[in-house]
There are 2 protein chains.
Amino acid sequence: MIRNIILIGAGNLASQLGYTLSKKGFNIRQVYSYTLANAELLADKVNAYATDNLNEIQKDADLYIISVKDGALLQVINQLPIVKGIVVHTAGSVNIDALLKFENNGILYPFQTFSKDRDVEFDSIPILIESDKPEIEDKLTKFAKCFSKTVSSCNSNQRKNIHLAAVFACNFSNHMYAIAEELLSKNNISFDVIKPLIIETALKTESLSPAKAQTGPAIRGDKAIMDSHLEMLSDDHELHALYKNLSNRIIKMGNQPNE
Amino acid sequence: MIRNIILIGAGNLASQLGYTLSKKGFNIRQVYSYTLANAELLADKVNAYATDNLNEIQKDADLYIISVKDGALLQVINQLPIVKGIVVHTAGSVNIDALLKFENNGILYPFQTFSKDRDVEFDSIPILIESDKPEIEDKLTKFAKCFSKTVSSCNSNQRKNIHLAAVFACNFSNHMYAIAEELLSKNNISFDVIKPLIIETALKTESLSPAKAQTGPAIRGDKAIMDSHLEMLSDDHELHALYKNLSNRIIKMGNQPNE
């Protein structure tokens with residue numbers, strides 16, 4: 001049973017995780033941060049001790065959650081003393097091998113985008129678990145189910161593909177919003193006007209497969225509208241090419257035989 | 001004052017608009033549809049008369065809302081008898097000139113994506129108003145404010161640009177979701193895992209400009225991750241090129257001086 005937890009990191013994810021675990025009744029013993037003030041800020045809120053020295057980390061906790069910036073992760077792992085409890089990191093893109101120095105290791109990857117000033121409900125965040133040892137995977141799964149409704153196991157290869165899918169679904173979608181923002185701003189139109197549409201398009205994925213929810217001139221085969229849009233973009237060769245490319249992809253996808 | 005309304009069309013948008021107007025106390029007199037059964041279905045719910053004959057349309061209503069498929073719009077306009085009330089259509093991509101035969105004409109464009117089986121709240125849907133006559137624009141604006149919190153005027157050129165922006169923000173974003181769906185499915189991962197991320201990415205636009213909310217390997221300049229993603233896509237030349245193109249666009253956008 002996981003009961004006593006030490007948080008290595010006091011950033012956005014570590015903080016939100018800390019609040020949630022503390023509320024759920026877990027005992028957060030220590031919070032480490034490279035910057036003591038940050039450790040203290042979080043430690044205060046979760047009733048834990050703060051430290052900026054990895055050598056002061058207690059060796060008998062059940063779980064050590066390393067949640068620091070990707071760039072600092074390997075160094076923190078390197079400096080963290082050997083412990084018997086389970087050591088996990090929360091990074092999407094760092095292989096589990098990075099934790100080999102710890103006998104009991106794993107990954108606990110909350111698959112969500114975290115921003116300052118936006119609270120998230122862990123309840124609805126998928127947690128992806130990985131461990132080479134079935135008993136550790138089992139323990140981590142039971143633990144994660146205490147604060148998330150969606151806990152699943154995935155191997156490193158799946159996690160890599162999930163991350164790649166997220167670049168399209170999240171990062172590239174956001175870039176599409178940014179292009180829209182620019183087009184509107186050039187015509188003195190407030191971005192506000194398009195927000196409900198953006199949100200409804202995303203909410204549709206809850207009940208409809210995106211392949212089937214596709215709307216717009218390309219899937220309708222409305223060549224007149226596509227041509228008029230391409231003409232509007234004729235001053236921006238790159239955007240013109242992108243519009244054409246994505247429209248062609250949608251047309252092609254629409255022509256694929258449905259199951 | 002707009003009080004008596006006739007609905008020309010009984011599809012998805014006409015129906016949802018009809019329910020809303022009826023609830024708000026407007027008097028829906030008639031519902032026309034090419035298919036009488038469809039007209040009856042909607043007329044029943046909004047306490048109106050149904051017809052499938054445009055010559056039976058009463059000539060003394062305050063407002064005629066034509067909300068039919070783009071492909072049928074010009075024919076319906078052609079067949080609709082001359083009336084004194086205001087005649088509007090609800091299409092995003094059809095010019096206001098199409099309504100020139102009516103003395104009092106305009107556009108009332110609810111800027112949202114409507115799907116079967118998904119109820120929408122008109123309250124939060126931006127309504128875009130257009131008319132060549134200021135007094136008609138004023139009447140339509142007052143009318144639309146009865147059921148939407150966001151009513152704005154825009155000319156035909158702005159409406160064209162809003163439509164183009166929507167192709168990026170809505171249609172192309174959805175295509176990004178579809179690519180993610182395909183990548184996940186190839187690796188036996190349920191699309192469910194990525195839904196919370198998609199929705200959070202869209203919800204972020206409520207409080208953050210997309211240009212500033214951009215996350216992911218490209219904006220971080222994380223070449224190692226981008227290279228590993230490109231390698232994973234090496235079997236699909238088109239998707240490989242798209243990943244590279246969008247990443248380069250994001251990198252370039254990130255390098256633009258901020259205000």
# chains A, B, ... in the order shown; residues from 1 in each chain; ligands from 1
call {"tool": "select_by_dssp", "arguments": {"residues": "range 105-215 of chain B", "states": "strand (DSSP E or B)", "output": "list in words"}}
result
Asn105, Gly106, Ile107, Leu108, Tyr109, Pro110, Ile127, Leu128, Ile129, Glu130, Val151, Ser152 and Ser153 of chain B
call {"tool": "residues_around", "arguments": {"residues": "range 243-245 of chain A", "least_positions_apart": "4", "cutoff": "10 Å", "atoms": "only C-alpha atoms", "output": "list in words"}}
result
Ala218, Met226, Asp227, His229, Leu230, Leu233, His237, Glu238, Leu239, Arg249, Ile250 and Ile251 of chain A; Leu164, Val167, Phe168, Phe172, Glu238 and Leu242 of chain B
call {"tool": "select_by_dssp", "arguments": {"residues": "range 10-256 of chain B", "states": "helix (DSSP H, G or I)", "output": "PyMOL selection string"}}
result
chain B and resi 12-23+36-46+54-56+70-79+96-99+122-124+134-144+156-186+191-206+210-213+217-220+223-232+237-255
call {"tool": "closest_residue", "arguments": {"among": "B:Thr113, B:Ser234, B:Ser190, B:Asn155", "to": "chain A", "atoms": "only C-alpha atoms"}}
result
B:Thr113
call {"tool": "residues_around", "arguments": {"residues": "His89 in chain A", "least_positions_apart": "4", "cutoff": "9 Å", "atoms": "only C-alpha atoms", "output": "ChimeraX atom specification"}}
result
/A:64-68,73,94,96,99,105-109
call {"tool": "write_last_selection", "arguments": {"atoms": "N, CA, C and O atoms", "output": "compact mmCIF listing (two decimals), in the first residue's frame"}}
result
# COMPACT_ATOMS: atom_id res chain seq x y z
N TYR A 64 8.21 7.99 -4.31
CA TYR A 64 8.91 9.23 -4.64
C TYR A 64 8.45 9.66 -6.03
O TYR A 64 8.66 8.92 -6.98
N ILE A 65 7.81 10.81 -6.09
CA ILE A 65 7.32 11.29 -7.39
C ILE A 65 8.24 12.41 -7.87
O ILE A 65 8.25 13.50 -7.30
N ILE A 66 8.99 12.11 -8.93
CA ILE A 66 9.88 13.13 -9.50
C ILE A 66 9.13 13.87 -10.59
O ILE A 66 8.77 13.29 -11.62
N SER A 67 8.87 15.12 -10.34
CA SER A 67 8.11 15.91 -11.31
C SER A 67 8.80 17.25 -11.48
O SER A 67 8.42 18.25 -10.89
N VAL A 68 9.87 17.21 -12.28
CA VAL A 68 10.64 18.43 -12.55
C VAL A 68 10.69 18.64 -14.06
O VAL A 68 10.24 17.78 -14.82
N LEU A 73 15.58 16.64 -15.27
CA LEU A 73 15.19 15.32 -14.76
C LEU A 73 16.37 14.38 -14.54
O LEU A 73 16.51 13.78 -13.46
N VAL A 94 10.37 10.82 -21.46
CA VAL A 94 11.63 10.27 -20.95
C VAL A 94 11.43 8.78 -20.68
O VAL A 94 10.50 8.37 -19.97
N ILE A 96 11.73 4.92 -19.42
CA ILE A 96 11.75 4.35 -18.07
C ILE A 96 13.17 3.94 -17.67
O ILE A 96 13.51 3.92 -16.48
N LEU A 99 15.39 5.51 -14.95
CA LEU A 99 15.21 5.25 -13.51
C LEU A 99 15.83 3.93 -13.07
O LEU A 99 15.57 3.47 -11.95
N ASN A 105 10.95 0.96 -9.83
CA ASN A 105 10.72 2.20 -10.56
C ASN A 105 9.53 2.09 -11.50
O ASN A 105 9.04 0.99 -11.78
N GLY A 106 9.09 3.22 -11.95
CA GLY A 106 7.94 3.22 -12.85
C GLY A 106 7.66 4.61 -13.37
O GLY A 106 8.40 5.56 -13.09
N ILE A 107 6.60 4.69 -14.13
CA ILE A 107 6.20 5.99 -14.67
C ILE A 107 4.73 6.23 -14.35
O ILE A 107 3.91 5.30 -14.40
N LEU A 108 4.45 7.45 -13.96
CA LEU A 108 3.07 7.86 -13.66
C LEU A 108 2.88 9.15 -14.46
O LEU A 108 3.32 10.22 -14.05
N TYR A 109 2.28 9.01 -15.63
CA TYR A 109 2.23 10.12 -16.58
C TYR A 109 0.81 10.66 -16.69
O TYR A 109 -0.05 10.04 -17.30
